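Visitor: Enclosed is the structure file my_file.cif (mmCIF, C-alpha atoms).
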data_entry
loop_
_atom_site.label_atom_id
_atom_site.label_comp_id
_atom_site.auth_asym_id
_atom_site.auth_seq_id
_atom_site.Cartn_x
_atom_site.Cartn_y
_atom_site.Cartn_z
CA MET A 139 105.65 221.69 60.01
CA GLY A 140 105.87 220.60 56.38
CA LYS A 141 108.96 220.24 54.24
CA VAL A 142 110.73 222.84 52.17
CA ARG A 143 110.85 221.57 48.60
CA VAL A 144 112.05 222.47 45.17
CA ALA A 145 109.94 220.42 42.78
CA GLY A 146 109.46 220.04 39.05
CA PHE A 147 112.45 222.26 38.49
CA SER A 148 113.56 221.78 34.89
CA LEU A 149 117.20 221.85 33.83
CA SER A 150 118.98 221.36 30.54
CA PHE A 151 121.58 218.59 30.51
CA ASP A 152 124.23 221.29 30.56
CA GLY A 153 122.76 222.57 33.82
CA PHE A 154 120.76 225.65 32.92
CA GLY A 155 117.40 226.35 34.58
CA ALA A 156 116.57 229.28 32.30
CA GLY A 157 117.90 230.63 29.04
CA PRO A 158 119.62 233.99 28.69
CA GLY A 159 117.73 237.22 28.04
CA GLN A 160 114.50 237.01 30.04
CA SER A 161 111.92 239.43 28.64
CA LEU A 162 108.19 239.96 28.36
CA GLU A 163 108.23 237.74 25.25
CA ASN A 164 110.55 235.12 26.78
CA PRO A 165 109.70 234.76 30.48
CA LEU A 166 112.01 231.72 30.68
CA GLY A 167 114.79 233.25 28.60
CA LEU A 168 115.79 232.21 25.10
CA GLY A 169 115.12 228.52 24.63
CA GLY A 170 113.80 228.24 28.17
CA ARG A 171 110.39 226.93 27.16
CA ASP A 172 111.99 223.75 25.83
CA LEU A 173 113.12 222.88 29.36
CA HIS A 174 109.51 222.26 30.33
CA LYS A 175 108.44 220.07 27.42
CA TRP A 176 108.20 217.08 29.77
CA PHE A 177 105.57 218.94 31.81
CA TYR A 178 103.20 220.29 29.14
CA PRO A 179 101.65 216.93 28.13
CA THR A 180 101.03 215.84 31.73
CA ARG A 181 97.57 215.58 33.25
CA THR A 182 98.84 217.84 36.06
CA PHE A 183 99.74 220.68 33.73
CA ARG A 184 96.62 220.35 31.63
CA ALA A 185 94.48 220.57 34.77
CA MET A 186 96.37 223.74 35.76
CA ILE A 187 95.30 225.40 32.51
CA GLY A 188 91.74 224.09 32.77
CA GLU A 189 92.09 221.24 30.27
CA GLU A 190 91.34 217.55 30.70
CA GLY A 191 93.36 214.49 29.71
CA GLY A 192 97.10 214.24 29.30
CA ILE A 193 99.53 211.59 30.45
CA ASP A 194 99.95 210.50 34.03
CA ASP A 195 103.30 211.49 35.48
CA PRO A 196 103.98 210.95 39.18
CA PHE A 197 106.75 213.57 39.21
CA ALA A 198 104.44 216.18 37.73
CA GLN A 199 101.89 215.34 40.43
CA ARG A 200 104.48 215.55 43.20
CA SER A 201 105.66 218.87 41.86
CA ALA A 202 102.20 220.40 42.15
CA GLN A 203 100.64 218.85 45.24
CA GLY A 204 100.94 219.38 48.97
CA PHE A 205 102.08 222.99 49.03
CA GLY A 206 100.60 225.55 51.43
CA ALA A 207 102.83 228.45 50.42
CA PHE A 208 105.32 229.43 47.71
CA ILE A 209 108.46 231.52 47.56
CA ILE A 210 109.58 232.96 44.25
CA GLY A 211 112.21 235.42 43.14
CA ARG A 212 111.35 238.76 41.74
CA ASN A 213 112.29 237.83 38.17
CA MET A 214 109.96 234.86 38.36
CA PHE A 215 107.19 237.31 39.26
CA GLY A 216 107.92 239.57 36.33
CA PRO A 217 110.32 241.43 34.06
CA VAL A 218 110.17 244.70 36.05
CA ARG A 219 113.55 245.60 37.59
CA GLY A 220 114.32 248.19 40.29
CA ASP A 221 111.55 250.21 41.95
CA TRP A 222 107.97 249.32 41.07
CA PRO A 223 106.91 252.14 38.74
CA ASP A 224 103.27 251.46 39.66
CA GLU A 225 101.09 248.52 40.65
CA SER A 226 100.13 247.55 37.13
CA TRP A 227 102.36 244.45 36.85
CA ARG A 228 100.43 241.59 38.47
CA GLY A 229 102.57 238.59 37.50
CA TRP A 230 102.97 236.55 34.32
CA TRP A 231 99.86 234.46 34.90
CA GLY A 232 96.76 236.64 34.49
CA ASP A 233 94.09 237.16 37.15
CA ASN A 234 94.13 233.60 38.50
CA PRO A 235 97.75 232.47 39.04
CA PRO A 236 98.54 228.77 39.42
CA TYR A 237 99.61 229.05 43.08
CA HIS A 238 96.25 229.21 44.89
CA ALA A 239 98.07 229.92 48.17
CA PRO A 240 100.11 232.69 49.80
CA THR A 241 103.10 233.38 47.56
CA PHE A 242 106.08 235.31 48.87
CA VAL A 243 108.05 237.33 46.32
CA LEU A 244 111.66 238.16 47.22
CA THR A 245 112.45 241.74 46.30
CA ASN A 246 114.39 244.76 47.50
CA HIS A 247 111.48 247.06 46.69
CA VAL A 248 108.51 247.52 49.02
CA ARG A 249 105.06 246.86 47.63
CA ALA A 250 101.66 246.21 49.21
CA PRO A 251 100.25 242.66 49.12
CA LEU A 252 98.38 241.82 45.96
CA VAL A 253 95.25 239.67 46.25
CA MET A 254 94.51 237.67 43.11
CA ALA A 255 91.66 235.34 42.15
CA GLY A 256 91.76 231.68 43.13
CA GLY A 257 93.43 231.99 46.51
CA THR A 258 96.80 233.45 45.49
CA THR A 259 98.01 236.49 47.40
CA PHE A 260 101.45 237.87 46.52
CA TYR A 261 103.37 239.19 49.50
CA PHE A 262 106.50 241.20 48.72
CA VAL A 263 109.27 240.38 51.21
CA THR A 264 112.18 242.81 51.45
CA THR A 265 113.85 241.34 54.53
CA GLY A 266 115.68 238.35 53.03
CA ILE A 267 115.20 234.64 52.55
CA ASP A 268 115.10 233.67 56.24
CA GLN A 269 112.17 235.98 56.88
CA ALA A 270 110.45 234.86 53.70
CA LEU A 271 110.79 231.24 54.78
CA LYS A 272 109.43 231.95 58.27
CA GLN A 273 106.42 233.73 56.84
CA ALA A 274 105.86 231.00 54.25
CA GLN A 275 106.09 228.23 56.85
CA ALA A 276 103.65 230.04 59.12
CA ALA A 277 101.26 230.40 56.20
CA ALA A 278 101.68 226.78 55.06
CA GLY A 279 101.02 225.16 58.45
CA ASP A 280 101.39 221.41 58.03
CA LEU A 281 101.76 221.66 54.28
CA ASP A 282 105.03 222.04 52.39
CA VAL A 283 106.64 225.24 51.23
CA LYS A 284 107.72 225.28 47.61
CA ILE A 285 110.74 227.26 46.50
CA GLY A 286 109.36 227.95 43.07
CA GLY A 287 112.34 229.57 41.36
CA GLY A 288 114.02 230.99 39.45
CA VAL A 289 117.54 229.69 39.47
CA ALA A 290 119.02 232.47 41.63
CA THR A 291 116.34 231.98 44.28
CA VAL A 292 116.75 228.19 44.35
CA ARG A 293 120.53 228.61 44.65
CA GLN A 294 120.12 230.99 47.61
CA PHE A 295 117.98 228.49 49.50
CA LEU A 296 120.24 225.54 48.61
CA ARG A 297 123.29 227.44 49.81
CA ALA A 298 121.47 228.26 53.06
CA GLN A 299 120.88 224.50 53.50
CA ALA A 300 117.20 225.33 53.89
CA VAL A 301 115.76 222.83 51.41
CA ASP A 302 114.69 219.30 52.43
CA GLU A 303 114.04 217.88 48.97
CA ILE A 304 114.87 218.93 45.41
CA HIS A 305 113.31 217.35 42.36
CA LEU A 306 115.09 218.25 39.14
CA ALA A 307 113.77 217.27 35.72
CA MET A 308 116.76 216.98 33.40
CA SER A 309 115.32 217.73 29.98
CA PRO A 310 116.76 216.53 26.67
CA VAL A 311 118.01 219.97 25.73
CA LEU A 312 121.34 221.80 25.62
CA LEU A 313 121.04 225.53 26.17
CA GLY A 314 124.70 226.58 26.08
CA ARG A 315 123.99 229.80 27.95
CA GLY A 316 121.63 230.94 30.66
CA GLU A 317 121.29 230.55 34.39
CA SER A 318 123.33 227.63 35.69
CA LEU A 319 122.00 225.85 38.74
CA PHE A 320 125.18 224.00 39.69
CA ALA A 321 127.97 226.52 38.95
CA GLY A 322 130.02 226.98 42.11
CA LEU A 323 127.49 225.07 44.22
CA ASP A 324 128.93 222.02 46.00
CA LEU A 325 125.70 220.18 46.76
CA PRO A 326 127.27 217.11 48.45
CA ARG A 327 129.22 219.41 50.76
CA LEU A 328 125.98 221.26 51.57
CA GLY A 329 124.51 217.93 52.64
CA TYR A 330 122.41 217.05 49.62
CA ARG A 331 122.43 213.44 48.40
CA LEU A 332 121.06 211.95 45.20
CA THR A 333 118.31 209.62 46.41
CA GLU A 334 116.27 208.88 43.27
CA VAL A 335 117.05 208.76 39.56
CA VAL A 336 114.08 207.94 37.35
CA PRO A 337 114.37 208.23 33.58
CA THR A 338 111.15 208.64 31.65
CA ALA A 339 110.54 209.15 27.96
CA LEU A 340 110.57 212.92 28.38
CA ALA A 341 113.08 213.68 31.15
CA THR A 342 115.45 212.12 33.64
CA HIS A 343 114.13 212.91 37.08
CA LEU A 344 116.56 213.40 39.97
CA VAL A 345 115.61 213.72 43.62
CA LEU A 346 118.10 215.12 46.11
CA THR A 347 117.42 215.04 49.81
CA ARG A 348 119.11 216.59 52.79
CA MET B 108 138.91 209.56 6.77
CA GLY B 109 137.13 208.44 9.93
CA LYS B 110 135.28 210.58 12.44
CA VAL B 111 136.63 212.39 15.46
CA ARG B 112 134.69 211.15 18.48
CA VAL B 113 134.44 211.56 22.20
CA ALA B 114 132.82 208.36 23.46
CA GLY B 115 131.91 206.76 26.75
CA PHE B 116 132.78 210.01 28.49
CA SER B 117 131.23 209.89 31.97
CA LEU B 118 129.82 212.94 33.70
CA SER B 119 128.10 213.52 37.01
CA PHE B 120 124.64 215.08 36.77
CA ASP B 121 126.20 218.32 38.00
CA GLY B 122 128.51 218.25 35.00
CA PHE B 123 131.88 217.06 36.30
CA GLY B 124 134.00 214.63 34.28
CA ALA B 125 136.52 214.12 37.08
CA GLY B 126 136.66 214.80 40.78
CA PRO B 127 139.04 217.28 42.39
CA GLY B 128 142.52 216.31 43.55
CA GLN B 129 143.87 213.86 40.97
CA SER B 130 146.72 211.83 42.45
CA LEU B 131 148.46 208.49 42.13
CA GLU B 132 145.81 207.02 44.44
CA ASN B 133 142.90 208.80 42.71
CA PRO B 134 143.60 208.93 38.98
CA LEU B 135 140.06 210.21 38.39
CA GLY B 136 140.05 212.62 41.33
CA LEU B 137 138.05 212.26 44.52
CA GLY B 138 134.81 210.44 43.79
CA GLY B 139 135.75 210.12 40.12
CA ARG B 140 135.55 206.32 40.05
CA ASP B 141 131.81 206.52 40.72
CA LEU B 142 131.31 208.26 37.39
CA HIS B 143 132.21 205.06 35.60
CA LYS B 144 130.00 202.63 37.51
CA TRP B 145 127.81 202.20 34.42
CA PHE B 146 130.84 200.90 32.51
CA TYR B 147 132.38 198.37 34.92
CA PRO B 148 129.65 195.69 34.64
CA THR B 149 129.58 195.80 30.84
CA ARG B 150 130.88 193.00 28.64
CA THR B 151 133.04 195.60 26.89
CA PHE B 152 134.87 196.62 30.05
CA ARG B 153 135.24 193.07 31.30
CA ALA B 154 136.82 192.06 28.01
CA MET B 155 139.24 195.00 28.34
CA ILE B 156 140.51 193.60 31.63
CA GLY B 157 140.61 190.02 30.33
CA GLU B 158 137.38 188.81 31.96
CA GLU B 159 134.35 187.19 30.37
CA GLY B 160 130.65 187.84 30.88
CA GLY B 161 129.04 191.10 31.90
CA ILE B 162 125.97 192.86 30.55
CA ASP B 163 125.53 193.92 26.96
CA ASP B 164 125.54 197.68 26.52
CA PRO B 165 125.54 199.16 23.02
CA PHE B 166 126.98 202.46 24.29
CA ALA B 167 129.89 200.70 25.94
CA GLN B 168 130.55 198.87 22.68
CA ARG B 169 130.37 202.06 20.62
CA SER B 170 132.73 203.75 23.06
CA ALA B 171 135.41 201.11 22.52
CA GLN B 172 135.13 200.07 18.87
CA GLY B 173 136.27 201.53 15.58
CA PHE B 174 139.19 203.64 16.74
CA GLY B 175 142.50 203.70 14.92
CA ALA B 176 144.19 206.31 17.13
CA PHE B 177 143.66 208.12 20.41
CA ILE B 178 144.44 211.58 21.75
CA ILE B 179 144.70 212.11 25.48
CA GLY B 180 145.80 214.93 27.73
CA ARG B 181 148.90 214.74 29.80
CA ASN B 182 146.99 214.33 33.09
CA MET B 183 145.14 211.38 31.64
CA PHE B 184 148.53 209.82 30.92
CA GLY B 185 149.76 210.35 34.46
CA PRO B 186 150.15 212.45 37.58
CA VAL B 187 153.59 213.83 36.60
CA ARG B 188 153.55 217.62 36.05
CA GLY B 189 156.16 219.84 34.39
CA ASP B 190 159.30 218.37 32.85
CA TRP B 191 159.59 214.59 32.71
CA PRO B 192 162.09 213.80 35.50
CA ASP B 193 162.91 210.51 33.74
CA GLU B 194 161.19 207.89 31.57
CA SER B 195 159.94 205.77 34.43
CA TRP B 196 156.27 206.82 34.26
CA ARG B 197 154.67 204.64 31.57
CA GLY B 198 150.96 205.47 32.06
CA TRP B 199 148.32 204.36 34.55
CA TRP B 200 147.62 201.06 32.83
CA GLY B 201 150.61 198.74 33.23
CA ASP B 202 152.57 197.18 30.35
CA ASN B 203 149.57 196.54 28.11
CA PRO B 204 147.38 199.68 27.97
CA PRO B 205 143.79 199.42 26.71
CA TYR B 206 144.41 201.50 23.56
CA HIS B 207 146.10 198.97 21.24
CA ALA B 208 146.75 201.75 18.72
CA PRO B 209 148.89 204.88 18.35
CA THR B 210 148.03 207.21 21.23
CA PHE B 211 149.00 210.86 21.11
CA VAL B 212 149.63 212.55 24.45
CA LEU B 213 149.31 216.36 24.54
CA THR B 214 152.13 217.87 26.58
CA ASN B 215 154.44 220.88 26.65
CA HIS B 216 157.41 218.67 27.49
CA VAL B 217 159.33 216.72 24.85
CA ARG B 218 159.67 212.98 25.31
CA ALA B 219 160.58 210.11 22.97
CA PRO B 220 157.82 207.74 21.80
CA LEU B 221 157.08 204.90 24.17
CA VAL B 222 156.29 201.49 22.70
CA MET B 223 154.10 199.36 24.95
CA ALA B 224 152.78 195.81 24.66
CA GLY B 225 149.56 195.10 22.74
CA GLY B 226 149.97 197.64 19.95
CA THR B 227 149.91 200.87 21.97
CA THR B 228 152.63 203.42 21.27
CA PHE B 229 152.50 206.71 23.13
CA TYR B 230 153.63 209.70 21.07
CA PHE B 231 154.20 212.93 22.97
CA VAL B 232 152.98 215.92 20.96
CA THR B 233 154.23 219.36 21.96
CA THR B 234 152.89 221.31 18.98
CA GLY B 235 149.22 221.69 19.92
CA ILE B 236 145.90 220.03 19.24
CA ASP B 237 145.77 220.68 15.50
CA GLN B 238 149.05 218.85 14.96
CA ALA B 239 148.01 216.07 17.31
CA LEU B 240 144.79 215.62 15.34
CA LYS B 241 146.61 215.55 12.00
CA GLN B 242 149.02 212.91 13.25
CA ALA B 243 146.21 210.89 14.82
CA GLN B 244 144.11 211.01 11.64
CA ALA B 245 147.07 209.93 9.54
CA ALA B 246 147.66 207.03 11.92
CA ALA B 247 143.98 206.06 12.06
CA GLY B 248 143.41 205.91 8.30
CA ASP B 249 139.76 205.03 7.71
CA LEU B 250 139.12 204.40 11.38
CA ASP B 251 137.95 207.00 13.89
CA VAL B 252 140.08 209.08 16.21
CA LYS B 253 139.01 209.08 19.83
CA ILE B 254 139.54 212.12 22.01
CA GLY B 255 139.97 210.11 25.18
CA GLY B 256 140.06 212.84 27.79
CA GLY B 257 140.38 214.24 30.32
CA VAL B 258 137.98 217.10 30.63
CA ALA B 259 140.42 219.88 29.68
CA THR B 260 141.43 218.02 26.51
CA VAL B 261 137.85 217.31 25.49
CA ARG B 262 136.97 220.97 26.06
CA GLN B 263 139.86 222.10 23.85
CA PHE B 264 138.70 219.94 20.97
CA LEU B 265 135.03 220.90 21.42
CA ARG B 266 135.93 224.58 21.40
CA ALA B 267 137.98 224.05 18.23
CA GLN B 268 134.81 222.54 16.65
CA ALA B 269 136.96 219.53 15.79
CA VAL B 270 134.69 216.78 17.16
CA ASP B 271 132.05 215.06 15.01
CA GLU B 272 130.27 213.09 17.73
CA ILE B 273 130.26 213.17 21.52
CA HIS B 274 128.76 210.43 23.65
CA LEU B 275 128.31 211.44 27.29
CA ALA B 276 127.21 208.99 29.97
CA MET B 277 125.42 211.00 32.66
CA SER B 278 125.95 208.95 35.81
CA PRO B 279 123.68 208.99 38.87
CA VAL B 280 126.22 210.89 40.94
CA LEU B 281 126.69 214.44 42.20
CA LEU B 282 130.32 215.42 42.68
CA GLY B 283 129.98 219.04 43.77
CA ARG B 284 133.54 219.84 42.76
CA GLY B 285 135.94 218.78 40.08
CA GLU B 286 136.43 219.39 36.40
CA SER B 287 133.31 220.76 34.76
CA LEU B 288 132.75 219.88 31.12
CA PHE B 289 130.11 222.50 30.35
CA ALA B 290 131.29 225.58 32.28
CA GLY B 291 131.62 228.46 29.85
CA LEU B 292 131.18 226.17 26.85
CA ASP B 293 128.24 227.10 24.60
CA LEU B 294 127.84 223.82 22.74
CA PRO B 295 124.81 224.82 20.62
CA ARG B 296 126.68 227.92 19.46
CA LEU B 297 129.68 225.72 18.58
CA GLY B 298 127.35 223.70 16.35
CA TYR B 299 126.69 220.67 18.54
CA ARG B 300 123.15 219.30 18.68
CA LEU B 301 121.66 216.73 21.00
CA THR B 302 120.74 213.87 18.68
CA GLU B 303 120.16 210.92 21.02
CA VAL B 304 119.03 210.56 24.63
CA VAL B 305 118.88 206.99 25.89
CA PRO B 306 118.30 206.30 29.57
CA THR B 307 119.43 202.93 30.87
CA ALA B 308 119.38 201.49 34.37
CA LEU B 309 122.91 202.76 35.04
CA ALA B 310 123.25 206.04 33.13
CA THR B 311 121.50 208.46 30.82
CA HIS B 312 123.36 208.43 27.53
CA LEU B 313 123.53 211.60 25.44
CA VAL B 314 124.88 211.83 21.92
CA LEU B 315 125.78 215.22 20.46
CA THR B 316 126.67 215.59 16.82
CA ARG B 317 128.08 218.40 14.77
#
For this file, produce the structure as C-alpha cells.
Guide:
Amino acid sequence: MGKVRVAGFSLSFDGFGAGPGQSLENPLGLGGRDLHKWFYPTRTFRAMIGEEGGIDDPFAQRSAQGFGAFIIGRNMFGPVRGDWPDESWRGWWGDNPPYHAPTFVLTNHVRAPLVMAGGTTFYFVTTGIDQALKQAQAAAGDLDVKIGGGVATVRQFLRAQAVDEIHLAMSPVLLGRGESLFAGLDLPRLGYRLTEVVPTALATHLVLTR
Amino acid sequence: MGKVRVAGFSLSFDGFGAGPGQSLENPLGLGGRDLHKWFYPTRTFRAMIGEEGGIDDPFAQRSAQGFGAFIIGRNMFGPVRGDWPDESWRGWWGDNPPYHAPTFVLTNHVRAPLVMAGGTTFYFVTTGIDQALKQAQAAAGDLDVKIGGGVATVRQFLRAQAVDEIHLAMSPVLLGRGESLFAGLDLPRLGYRLTEVVPTALATHLVLTR
C-alpha cells in the first residue's frame, strides 16, 4: 500500500492555507492566490495547464507525482453549500480536472459519481474520512493517496493521525485572516516531526513525517 | 526620534514564540530554547556572553544594535507572578544583563527601579504600554526602542500599531503548543507588510514594516 500524503500545500507565514471569503470569483479566498506563487512558474504546473517550459522544482514534482487517488473536501470541489441543487456544478477545473485518478469528495450530501475527461472520476463520500481513506487506498493500489485540501480536510486527517508525510510550502505572504492550518493542532503530540526544511527563492519548504 | 522595533524574535514554523509552561528551569517554556538555535552560534550572541568567534549573521547584528532602551513584559523579566514578595528577583540574566540601557518592565505591581551592572536599569511601569513607550523613547533619544518580548508584549504593541519594524526568525521547529504570535492578529489590516524574506541555513528571516 502507498503512503498517505499532503503535498504542495501552500501556507502564508502566519499559517493560513486559504484566505477568507471563498467564492466563485475567489476559489482560494481573498488573497489566497498569492499563496501559490511559488508553484505557477514551475515546469510541473505549466505541464498541468498544457504549457511547456518553466523552472525545475523538486518539491513541485513531488507534490504532483505518484498519486493513485485523491481526497478533497467539499469546498475544494466547489462553492455550493448544503444539498446539491442539481448536477450542474462539476468542479472548479473544467471538463478535464488535474487529478487524472479517482477523487473522493467529502460531503454530507449524496450525489452520484461524476466521470470527467482525462481519468478523473469524482466520488462523493458521505460516510466520513475513514471510509473515504479506505476507498481511496483501494483505488490507489501501490500508489500514494493525496489529501488535496482544503485546510479543514487536511486538519481532519492530521488529527486522525492518518497522514504519513506533509509537505508545506511556506510562501512569502501574510494573510492576516483565513483558514489557519495550525490553530489548536499540536502536531508534535500527534506524532509529526519536522524532517526537512528547504528554503528556495520562492518558498520555504517544510516536510513533516509521522 | 528612533524607530520602535521588534528584532531577532524567534518563532516556530507553527507560529509559537515560546513553549508552554514557563518556569525557573524553562524560562522560554518547554522546547522554547530550540527556537533560538539560529542565534547561539552567531558572533553577536557569543560576544553577548563574553566569547569570541562565531558566524557572521547580519540579522543577529541588526537584532542587537542601535537600541537606546528596551521594553519587556513581566514574564520576560522573571517567573514571579502577582505582587513582588520582595526585591530578591533581579531578572534571568545575573548581575550584568544583556541590555546595557534603560529597560522598562510592564507590570501591574509597583516596584522601585533596579540598577544593575553594565548600564542596565530596570524601571517597572504600571501605567500601560503608551506610557512605557513614551518613557523608553525619551530615554533612547535618537536611538531605537526595542520591544524585547515576550509574545504577549509584542502582540500588545503590534495591535496598538506602535511598531515600525518587526524582524521574525522562523526557526526549523514545530512546538505544537505555547504562545502564538499570530493567533487572532490581522497584521496586514494593522498596516504591517512583509518587506524582506531571507532564508539562511538556520532560519528564515522575515521583516515586516509599517
Visitor: Could you give me, as a Markdown table, a per-residue list for chain A showing, wherever an atom lies at most 9 Å from an atom of chain B, the closest pair of atoms and their distance in Å to one decimal, using all atoms listed in the file and sorting by chain then residue number from low to high?
Guide:
| residue | atom | partner | partner_atom | distance |
| --- | --- | --- | --- | --- |
| A:Phe151 | CA | B:Phe120 | CA | 7.8 |
| A:Asp152 | CA | B:Phe289 | CA | 6.0 |
| A:Gly153 | CA | B:Asp121 | CA | 6.9 |
| A:Met308 | CA | B:Phe120 | CA | 8.8 |
| A:Pro310 | CA | B:Val304 | CA | 6.7 |
| A:Val311 | CA | B:Leu301 | CA | 6.8 |
| A:Leu312 | CA | B:Pro295 | CA | 6.8 |
| A:Leu313 | CA | B:Pro295 | CA | 6.7 |
| A:Gly314 | CA | B:Asp293 | CA | 3.9 |
| A:Arg315 | CA | B:Asp293 | CA | 6.0 |
| A:Ser318 | CA | B:Ala290 | CA | 8.9 |
| A:Leu319 | CA | B:Asp121 | CA | 8.7 |
| A:Phe320 | CA | B:Asp121 | CA | 6.0 |
| A:Ala321 | CA | B:Ala290 | CA | 7.5 |
| A:Gly322 | CA | B:Arg284 | CA | 8.0 |
| A:Leu323 | CA | B:Gly283 | CA | 6.5 |
| A:Asp324 | CA | B:Gly283 | CA | 3.9 |
| A:Leu325 | CA | B:Gly283 | CA | 5.3 |
| A:Pro326 | CA | B:Gly283 | CA | 5.7 |
| A:Arg327 | CA | B:Gly283 | CA | 7.0 |
| A:Tyr330 | CA | B:Leu281 | CA | 9.0 |
| A:Arg331 | CA | B:Leu281 | CA | 7.6 |
| A:Leu332 | CA | B:Val280 | CA | 6.8 |
| A:Glu334 | CA | B:Pro279 | CA | 8.6 |
| A:Val335 | CA | B:Pro279 | CA | 6.7 |
| A:Val336 | CA | B:Ala308 | CA | 8.9 |
| A:Pro337 | CA | B:Pro306 | CA | 5.9 |
| A:Thr338 | CA | B:Pro306 | CA | 7.8 |
| A:Ala339 | CA | B:Pro306 | CA | 8.4 |
| A:Thr342 | CA | B:Thr311 | CA | 7.6 |
| A:Leu344 | CA | B:Pro279 | CA | 8.4 |
Visitor: If the PyMOL selection byres ((chain A and resi 193-201) around 8) is run on the structure shown, which residues does it catch, given as a ChimeraX atom specification?
Guide: /A:145-146,177,179-183,191-192,202-204,305,343
Visitor: Taking 2 positions as the minimum chain separation for residues in the same chain, which residues sit within 10 Å of stretch 128-140 of chain B when counting all atoms listed in the file? Answer as a list in words.
Guide: Ser117, Leu118, Ser119, Phe123, Gly124, Ala125, Gly126, Leu142, His143, Lys144, Tyr147, Asn182, Met183, Phe184, Gly185, Pro186, Val187, Trp199, Gly257, Val280, Leu281, Leu282, Gly283, Arg284, Gly285 and Glu286 of chain B
Visitor: Skip A:Pro235 itself and residues of its chain fewer than 2 positions away, then list as a PyMOL selection string all residues within 12 Å of it, counting all atoms listed in the file.
Guide: chain A and resi 186-187+208+215+228-233+237-241+252-260
Visitor: Enumerate, as a PyMOL selection string, the residues matched when the PyMOL selection byres ((chain B and resi 259-264) around 9) is run on the file above.
Guide: chain B and resi 113+178-181+213+236-237+254-258+265-270+286-289+292
Visitor: Taking the file above as input, evaluate the PyMOL selection byres ((chain A and resi 141) around 10) and report the hits as number ranges by chain.
Guide: A: 139-140, 142-144, 204-205, 275, 278, 280-284, 300-303
Visitor: Please measure the separation of atom CA of B:Gly248 and atom CA of B:Val212, giving the value in Å to one decimal.
Guide: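 These two atoms are separated by 18.5 Å.
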Visitor: Tell me, in Å to one decimal, how far atom CA of A:Pro251 is from atom CA of A:Thr265.
Guide: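 Atom-to-atom, atom CA of A:Pro251 and atom CA of A:Thr265 are spaced 14.7 Å apart.
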Visitor: What does the distance from atom CA of A:Arg219 to atom CA of A:Gln269 come to in Å, to one decimal?
Guide: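 Separation between atom CA of A:Arg219 and atom CA of A:Gln269: 21.6 Å.
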Visitor: Just checking: using only C-alpha atoms, which residue out of B:Trp145, B:Trp191, B:Phe211, B:Phe116 ends up closest to B:Ala239?
Guide: B:Phe211
Visitor: Which of these residues is nearest to A:Trp227, using only C-alpha atoms: A:Gly206, A:Val345, A:Arg249, A:Ala307?
Guide: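 Closest to A:Trp227, using only C-alpha atoms: A:Arg249.
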Visitor: What are the centre and edge lengths in Å, to one decimal, of the axis-aligned box around all listed atoms of stretch 209-216 of chain B with 3 Å added on each side, as lines of an AutoDock Vina configuration file?
Guide:
center_x = 152.7
center_y = 212.9
center_z = 22.9
size_x = 15.4
size_y = 22.0
size_z = 15.1
